[in-house]
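Have a look at the structure below, then the notes.
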Amino acid sequence: MNIALLGFGTVGSHVYELAKNRDDITVSTVLSRKPRPELDCAVTSDFDEILRDKSIDVVVEVMGGIDPAYSYITAAMRAGKHVVTANKQLMCERYDELIELAGECGVRLRCTAAVGGGIPWLAALAHAASVDEITRVEGILN
């Protein structure tokens with residue numbers, strides 16, 4: 001699987017390092033405002049290069065904030081690319097809209113990393129909703 005990383009801060013750099021040790025994931029491009037000569041992949045400041053690259057299967061957004069992350073994620077989904085994000089603010093404000101767009105585009109939007117990265121409760125909740133009506137969810141989050 002070829003991925004593009006949008007952002008190379010604390011989270012992005014760690015995703016890159018983790019991917020280097022895997023055979024099934026290749027970071028092919030990193031979107032960065034500044035050059036990154038230390039990286040073994042393409043680096044660009046032009047998001048359109050990522051959209052045009054047919055070899056990129058998944059866009060991993062780790063920039064944070066609403067803009068430009070929102071426009072990048074929606075453009076990636078419209079281009080047929082799956083999206084993974086750890087963006088809490090964006091998911092809080094635009095979750096329903098983004099999930100609907102992913103369905104319309106036939107791609108996956110994965111955002112569990114934005115809501116307790118080690119706890120896959122969103123996927124379990126989505127599965128439960130496909131087989132039964134969910135009337136409420138309760139719990140303690142801290």
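Note on naming: chains are A, B, ... as they come in the structure tokens, residues start from 1 per chain, ligands start from 1 in the order shown.
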#### Entry: helix (DSSP H, G or I) per DSSP on the backbone: members of chain A, as an MDAnalysis selection string
chainID A and resid 10:20 47:52 69:78 88:105 112:114 121:131
Please dump the current selection as a PDB file, in the first residue's frame; keep C-alpha atoms.
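Wrote part.pdb, looks like this:
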ATOM      1  CA  THR A  10       5.413  15.036  15.591  1.00  0.00           C
ATOM      2  CA  VAL A  11       2.701  12.631  14.415  1.00  0.00           C
ATOM      3  CA  GLY A  12       3.705  12.577  10.743  1.00  0.00           C
ATOM      4  CA  SER A  13       7.360  11.892  11.486  1.00  0.00           C
ATOM      5  CA  HIS A  14       6.415   8.993  13.763  1.00  0.00           C
ATOM      6  CA  VAL A  15       4.061   7.517  11.154  1.00  0.00           C
ATOM      7  CA  TYR A  16       6.921   7.739   8.653  1.00  0.00           C
ATOM      8  CA  GLU A  17       9.320   5.946  11.026  1.00  0.00           C
ATOM      9  CA  LEU A  18       6.782   3.205  11.780  1.00  0.00           C
ATOM     10  CA  ALA A  19       6.093   2.665   8.076  1.00  0.00           C
ATOM     11  CA  LYS A  20       9.818   2.308   7.313  1.00  0.00           C
ATOM     12  CA  PHE A  47      -0.976  18.807  -2.908  1.00  0.00           C
ATOM     13  CA  ASP A  48      -2.121  18.416  -6.516  1.00  0.00           C
ATOM     14  CA  GLU A  49       0.915  16.192  -7.154  1.00  0.00           C
ATOM     15  CA  ILE A  50      -0.500  13.761  -4.608  1.00  0.00           C
ATOM     16  CA  LEU A  51      -3.942  13.863  -6.216  1.00  0.00           C
ATOM     17  CA  ARG A  52      -2.492  13.136  -9.655  1.00  0.00           C
ATOM     18  CA  ALA A  69      -6.892  19.733   6.005  1.00  0.00           C
ATOM     19  CA  TYR A  70     -10.598  19.746   5.110  1.00  0.00           C
ATOM     20  CA  SER A  71     -10.041  20.719   1.491  1.00  0.00           C
ATOM     21  CA  TYR A  72      -7.203  18.197   1.144  1.00  0.00           C
ATOM     22  CA  ILE A  73      -9.249  15.331   2.604  1.00  0.00           C
ATOM     23  CA  THR A  74     -12.320  16.060   0.474  1.00  0.00           C
ATOM     24  CA  ALA A  75     -10.213  16.392  -2.684  1.00  0.00           C
ATOM     25  CA  ALA A  76      -8.426  13.112  -1.910  1.00  0.00           C
ATOM     26  CA  MET A  77     -11.715  11.259  -1.469  1.00  0.00           C
ATOM     27  CA  ARG A  78     -13.106  12.743  -4.693  1.00  0.00           C
ATOM     28  CA  LYS A  88      -9.727  15.715  16.277  1.00  0.00           C
ATOM     29  CA  GLN A  89     -10.982  19.191  15.428  1.00  0.00           C
ATOM     30  CA  LEU A  90     -11.913  18.325  11.859  1.00  0.00           C
ATOM     31  CA  MET A  91     -13.674  15.104  12.850  1.00  0.00           C
ATOM     32  CA  CYS A  92     -15.591  16.900  15.578  1.00  0.00           C
ATOM     33  CA  GLU A  93     -16.819  19.613  13.218  1.00  0.00           C
ATOM     34  CA  ARG A  94     -17.278  17.709   9.935  1.00  0.00           C
ATOM     35  CA  TYR A  95     -17.619  13.994  10.748  1.00  0.00           C
ATOM     36  CA  ASP A  96     -21.111  13.426   9.298  1.00  0.00           C
ATOM     37  CA  GLU A  97     -20.327  15.309   6.103  1.00  0.00           C
ATOM     38  CA  LEU A  98     -17.006  13.512   5.569  1.00  0.00           C
ATOM     39  CA  ILE A  99     -18.461  10.058   6.219  1.00  0.00           C
ATOM     40  CA  GLU A 100     -21.220  10.790   3.706  1.00  0.00           C
ATOM     41  CA  LEU A 101     -18.694  11.998   1.115  1.00  0.00           C
ATOM     42  CA  ALA A 102     -16.562   8.882   1.619  1.00  0.00           C
ATOM     43  CA  GLY A 103     -19.627   6.741   0.915  1.00  0.00           C
ATOM     44  CA  GLU A 104     -20.492   8.733  -2.201  1.00  0.00           C
ATOM     45  CA  CYS A 105     -16.913   8.394  -3.473  1.00  0.00           C
ATOM     46  CA  THR A 112     -10.138   6.193  15.041  1.00  0.00           C
ATOM     47  CA  ALA A 113      -6.750   7.799  15.732  1.00  0.00           C
ATOM     48  CA  ALA A 114      -8.626  11.065  16.392  1.00  0.00           C
ATOM     49  CA  TRP A 121     -14.838   1.831  19.157  1.00  0.00           C
ATOM     50  CA  LEU A 122     -15.975   3.729  16.060  1.00  0.00           C
ATOM     51  CA  ALA A 123     -15.527   0.666  13.853  1.00  0.00           C
ATOM     52  CA  ALA A 124     -17.354  -1.507  16.391  1.00  0.00           C
ATOM     53  CA  LEU A 125     -20.151   1.048  16.656  1.00  0.00           C
ATOM     54  CA  ALA A 126     -20.502   1.248  12.868  1.00  0.00           C
ATOM     55  CA  HIS A 127     -20.665  -2.553  12.689  1.00  0.00           C
ATOM     56  CA  ALA A 128     -23.284  -2.696  15.440  1.00  0.00           C
ATOM     57  CA  ALA A 129     -25.362  -0.034  13.651  1.00  0.00           C
ATOM     58  CA  SER A 130     -25.380  -2.133  10.483  1.00  0.00           C
ATOM     59  CA  VAL A 131     -27.166  -4.988  12.257  1.00  0.00           C
TER      60      VAL A 131
END
### Message
Applying 9 Å and only C-alpha atoms, which residues near A:Lys34 remain after dropping the ones on its own chain fewer than 5 positions away? List them as an NGL selection string.
### Response
:A and (43-45)
### Query
Got a sec to tell me which of stretch 31-76 of chain A DSSP assigns to strand (DSSP E), as a list in words?
Leu31, Ala42, Val43, Thr44, Val58, Val59, Val60 and Glu61 of chain A
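Of the residues listed (A:Asp53, A:Asp67, A:Asp23, A:Asp46), A:Asp53 shows the shortest atom-to-atom separation from A:Lys81; distances use only C-alpha atoms.
Among the candidate residues A:Val30, A:Val58, A:Leu39, A:Met63, the one lying nearest to A:Gly9 is A:Met63, with distances computed using only C-alpha atoms.
Nearest to A:His82 of all the residues A:Arg136, A:Pro68, A:Gly106, A:Ser55 is A:Gly106, based on only C-alpha atoms.
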Residues near A:Val83, cut-off 6 Å, only C-alpha atoms, skip fewer than 2 positions along chain, as a CSV table (one decimal) with N, CA and C atoms, in the first residue's frame:
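Listed below is the output, part29.csv:
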chain,number,residue,atom,x,y,z
A,58,VAL,N,-3.7,5.7,-0.3
A,58,VAL,CA,-4.2,6.2,1.0
A,58,VAL,C,-3.5,7.5,1.3
A,59,VAL,N,-4.3,8.5,1.7
A,59,VAL,CA,-3.8,9.8,2.1
A,59,VAL,C,-3.9,9.8,3.7
A,60,VAL,N,-2.8,10.0,4.4
A,60,VAL,CA,-2.8,10.1,5.8
A,60,VAL,C,-2.6,11.5,6.2
A,109,LEU,N,-13.0,6.3,5.1
A,109,LEU,CA,-12.4,7.4,5.9
A,109,LEU,C,-12.2,6.7,7.3
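Going from atom CA of A:Asn87 to atom CA of A:Glu133 covers 27.8 Å.
Interatomic distance, atom CA of A:Val62 to atom CA of A:Val84: 8.6 Å.
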## Note on the structure
From atom CA of A:Arg108 to atom CA of A:Asp24 the spacing works out at 18.1 Å
